[in-house]
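Here is the structure we will look at.
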Amino acid sequence: MPKGLYARSLIIIIAPVVLLQGVVTVVFMERHWQLVTQRLSTAVVRDIAAITDLVEAQVIEVARDRLGLNVSVLPPEPLPALAPKPFFNILDGILSEEITKRIGRPFWIDTVGQSKIVEVRIQLDGKVLRVFAPRNSAYASNTHIFLVWMVGTSLVLMIIAILFLRNQIRPIQALAAAAEGFGRGQPMPPDFRPRGASEVRRASLAFIQMRDRIERQMEQRTAMLTGVSHDLRTILTRFRLQLALLGEGEDQDELNADVDEMQRMLEGYLAFAKDEAAEEVGELDLVPVLGKFRTEAKLKDKQITVEIVGDPRLAVRPDSFTRMVTNVVTNALRHGDRVRVRARHEGRWLTITVEDNGTGIAAEQREEVFKPFVRLDTARNIDSGGTGLGLAIARDIARGHGGDILLSDSELGGLRALIRVPA
């Protein structure tokens with residue numbers, strides 16, 4: 001069964017129509033055609049029966065002129081053999097039944113073919129009566145009227161259903177597109193407004209109100225983080241200035257190292273708390289983003305291979321996306337000597353695979369490394385003095401783009417990080 005509401009609604013409308021037409025067809029075949037054909041055949045056989053009774057009289061001219069029947073008397077001869085009958089032949093069965101019931105003599109009929117004449121031969125005493133009757137006087141032949149009516153009404157119902165359902169589905173599609181765009185940081189479509197059925201209007205209005213609340217919270221959060229960042233950086237600057245006035249010494253070097261560590265940790269915490277969704281969506285080229293890791297690997301005396309399949313241009317939030325990829329690749333370079341990066345852009349999805357030959361992470365601990373501030377004994381995203389936010393930030397950015405990051409075993413022997421986001 002299709003999963004889309006539009007296709008399912010079409011099935012709901014079209015299936016009863018087709019079923020109804022099938023039932024009507026059966027009823028029409030069994031009632032209308034059979035009844036009309038039986039009445040017409042009865043009339044023809046009644047005429048033939050009357051002629052049979054009066055065959056000794058000069059009634060051949062009367063049958064031709066008055067009844068529209070071509071009657072002739074043949075010499076006594078055996079009736080022709082019965083010809084094979086088609087599978088669907090109402091006229092043959094009904095006409096034979098009526099002759100047997102009303103005349104009760106041996107007979108032979110020919111109703112096969114596209115001829116407009118029906119031939120009937122009846123065995124009499126010493127002679128054979130042959131009658132040619134118009135086919136339309138014994139058979140309801142207006143089949144095309146029924147077919148035109150059935151197909152025409154079905155098409156009208158289907159067209160109405162398609163047009164109606166399309167207008168009902170469009171507001172839902174617009175709401176889905178607006179929600180997806182909001183998740184990827186795109187602005188509200190200018191033509192988006194509550195419309196459609198009452199349920200869809202309520203859902204659209206609830207989405208607009210939810211978006212407004214989230215945007216207000218993001219603005220307040222951004223303002224708060226800006227103030228906190230400014231105040232803390234001011235205090236750290238004072239520390240540096242006071243340490244510079246103390247003069248050189250071993251204690252001063254240790255204090256400077258502590259201040260640097262505080263600065264780095266502060267930047268990490270603020271980066272994790274910073275709202276990446278505030279960044280506008282733009283075009284990003286993967287070639288320079290992934291190319292810079294070759295230089296970094298060369299400086300660290302490590303090997304890295306980078307492969308890009310498909311269009312390297314993406315529609316993402318450039319800064320946050322670059323940071324996500326940097327966190328994952330840098331984590332691989334930190335713990336492995338050989339790293340393989342492969343990006344594949346097919347359709348509307350981008351898949352980036354980062355593999356290394358490091359020690360890897362146990363399967364039961366792979367979800368733990370994505371939790372903020374969680375330190376594992378062998379966690380790969382933590383070095384000396386680290387905050388444990390590298391992979392947490394990366395996954396947060398991936399999910400903010402509508403994707404995710406998954407960890408598994410690598411063919412190189414270490415860890416395999418799979419980044420999959422719509423682009």
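Each chain in the structure tokens gets a letter, A, B and so on, in the order shown; residues start at 1 in every chain, and ligands are counted from 1 in the order they appear.
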- Item | Filtered DSSP result for region 270-376 of chain A, state strand (DSSP E), as a PyMOL selection string | chain A and resi 282-285+303-310+313-316+338-346+349-356
Compile the contact shell of region 120-124 of chain A as a JSON list (two decimals) with N, CA and C atoms, in the first residue's frame: residues with an atom at most 9 Å away, counting only C-alpha atoms, same-chain residues fewer than 6 positions apart removed.
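selection-v6.json, freshly written:
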```json
[["chain", "number", "residue", "atom", "x", "y", "z"],
["A", 52, "THR", "N", -45.90, -21.01, -38.03],
["A", 52, "THR", "CA", -45.84, -22.47, -38.12],
["A", 52, "THR", "C", -47.25, -23.06, -38.19],
["A", 76, "PRO", "N", -37.87, -31.32, -47.46],
["A", 76, "PRO", "CA", -37.42, -32.05, -46.27],
["A", 76, "PRO", "C", -35.95, -32.46, -46.39],
["A", 77, "GLU", "N", -35.17, -32.06, -45.44],
["A", 77, "GLU", "CA", -33.73, -32.38, -45.40],
["A", 77, "GLU", "C", -33.29, -32.30, -43.95],
["A", 78, "PRO", "N", -32.24, -33.00, -43.62],
["A", 78, "PRO", "CA", -31.75, -32.93, -42.23],
["A", 78, "PRO", "C", -31.30, -31.51, -41.87],
["A", 79, "LEU", "N", -31.52, -31.20, -40.61],
["A", 79, "LEU", "CA", -31.07, -29.90, -40.14],
["A", 79, "LEU", "C", -29.53, -29.86, -40.09],
["A", 103, "ILE", "N", -42.63, -23.94, -29.32],
["A", 103, "ILE", "CA", -42.87, -24.67, -30.57],
["A", 103, "ILE", "C", -42.75, -26.17, -30.36],
["A", 105, "ARG", "N", -40.58, -28.41, -31.52],
["A", 105, "ARG", "CA", -40.17, -29.18, -32.69],
["A", 105, "ARG", "C", -38.65, -29.09, -32.84],
["A", 106, "PRO", "N", -38.07, -30.04, -33.57],
["A", 106, "PRO", "CA", -36.63, -29.93, -33.82],
["A", 106, "PRO", "C", -36.30, -28.62, -34.54],
["A", 107, "PHE", "N", -35.21, -28.02, -34.17],
["A", 107, "PHE", "CA", -34.86, -26.71, -34.75],
["A", 107, "PHE", "C", -33.34, -26.57, -34.84],
["A", 108, "TRP", "N", -32.99, -25.56, -35.61],
["A", 108, "TRP", "CA", -31.56, -25.17, -35.74],
["A", 108, "TRP", "C", -31.50, -23.67, -35.86],
["A", 109, "ILE", "N", -30.63, -23.05, -35.12],
["A", 109, "ILE", "CA", -30.51, -21.58, -35.17],
["A", 109, "ILE", "C", -29.06, -21.21, -35.43],
["A", 110, "ASP", "N", -28.89, -20.04, -36.03],
["A", 110, "ASP", "CA", -27.57, -19.49, -36.28],
["A", 110, "ASP", "C", -27.56, -18.04, -35.80],
["A", 111, "THR", "N", -26.92, -17.81, -34.66],
["A", 111, "THR", "CA", -26.83, -16.45, -34.10],
["A", 111, "THR", "C", -25.39, -15.96, -34.02],
["A", 130, "ARG", "N", -37.80, -22.15, -42.83],
["A", 130, "ARG", "CA", -36.64, -21.30, -42.58],
["A", 130, "ARG", "C", -37.09, -19.86, -42.43],
["A", 131, "VAL", "N", -36.66, -19.23, -41.34],
["A", 131, "VAL", "CA", -37.06, -17.85, -41.05],
["A", 131, "VAL", "C", -35.80, -17.02, -40.81],
["A", 132, "PHE", "N", -35.72, -15.87, -41.50],
["A", 132, "PHE", "CA", -34.66, -14.88, -41.26],
["A", 132, "PHE", "C", -35.29, -13.71, -40.53],
["A", 133, "ALA", "N", -34.84, -13.48, -39.28],
["A", 133, "ALA", "CA", -35.39, -12.38, -38.47],
["A", 133, "ALA", "C", -34.30, -11.34, -38.22]]
```
- Task: Quick one: everything within 12 Å of Ala297 (chain A), counting only C-alpha atoms, minus sequence neighbours fewer than 2 positions away in the same chain. Send it as JSON, numbers by chain.
- Result: {"A": [290, 291, 292, 293, 294, 295, 299, 300, 301, 302, 303, 304, 305, 306, 329, 330, 331, 332, 333, 334, 335, 336, 337, 338, 339, 340]}
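Taking only C-alpha atoms into account, Ile352 (chain A) lies nearest to A:Ala417 out of the set A:Leu69, A:Ala206, A:Ala417, A:Val289.
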- What lies within 8 Å of Glu307 (chain A) using only C-alpha atoms, ignoring chain neighbours under 3 positions off, as a list in words?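 Contacts, in chain order: Val341, Arg342 and Ala343 of chain A.
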Generate a file of the selected residues that holds N, CA and C atoms, formatted as a PDB file, in the first residue's frame.
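Resulting contents of out_17.pdb:
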```
ATOM      1  N   VAL A 341      38.266   9.100   4.024  1.00  0.00           N
ATOM      2  CA  VAL A 341      37.058   9.934   4.000  1.00  0.00           C
ATOM      3  C   VAL A 341      36.430   9.804   2.616  1.00  0.00           C
ATOM      4  N   ARG A 342      35.154   9.459   2.605  1.00  0.00           N
ATOM      5  CA  ARG A 342      34.432   9.287   1.334  1.00  0.00           C
ATOM      6  C   ARG A 342      33.081   9.986   1.437  1.00  0.00           C
ATOM      7  N   ALA A 343      32.844  10.936   0.534  1.00  0.00           N
ATOM      8  CA  ALA A 343      31.585  11.692   0.502  1.00  0.00           C
ATOM      9  C   ALA A 343      30.827  11.316  -0.771  1.00  0.00           C
TER      10      ALA A 343
END
```
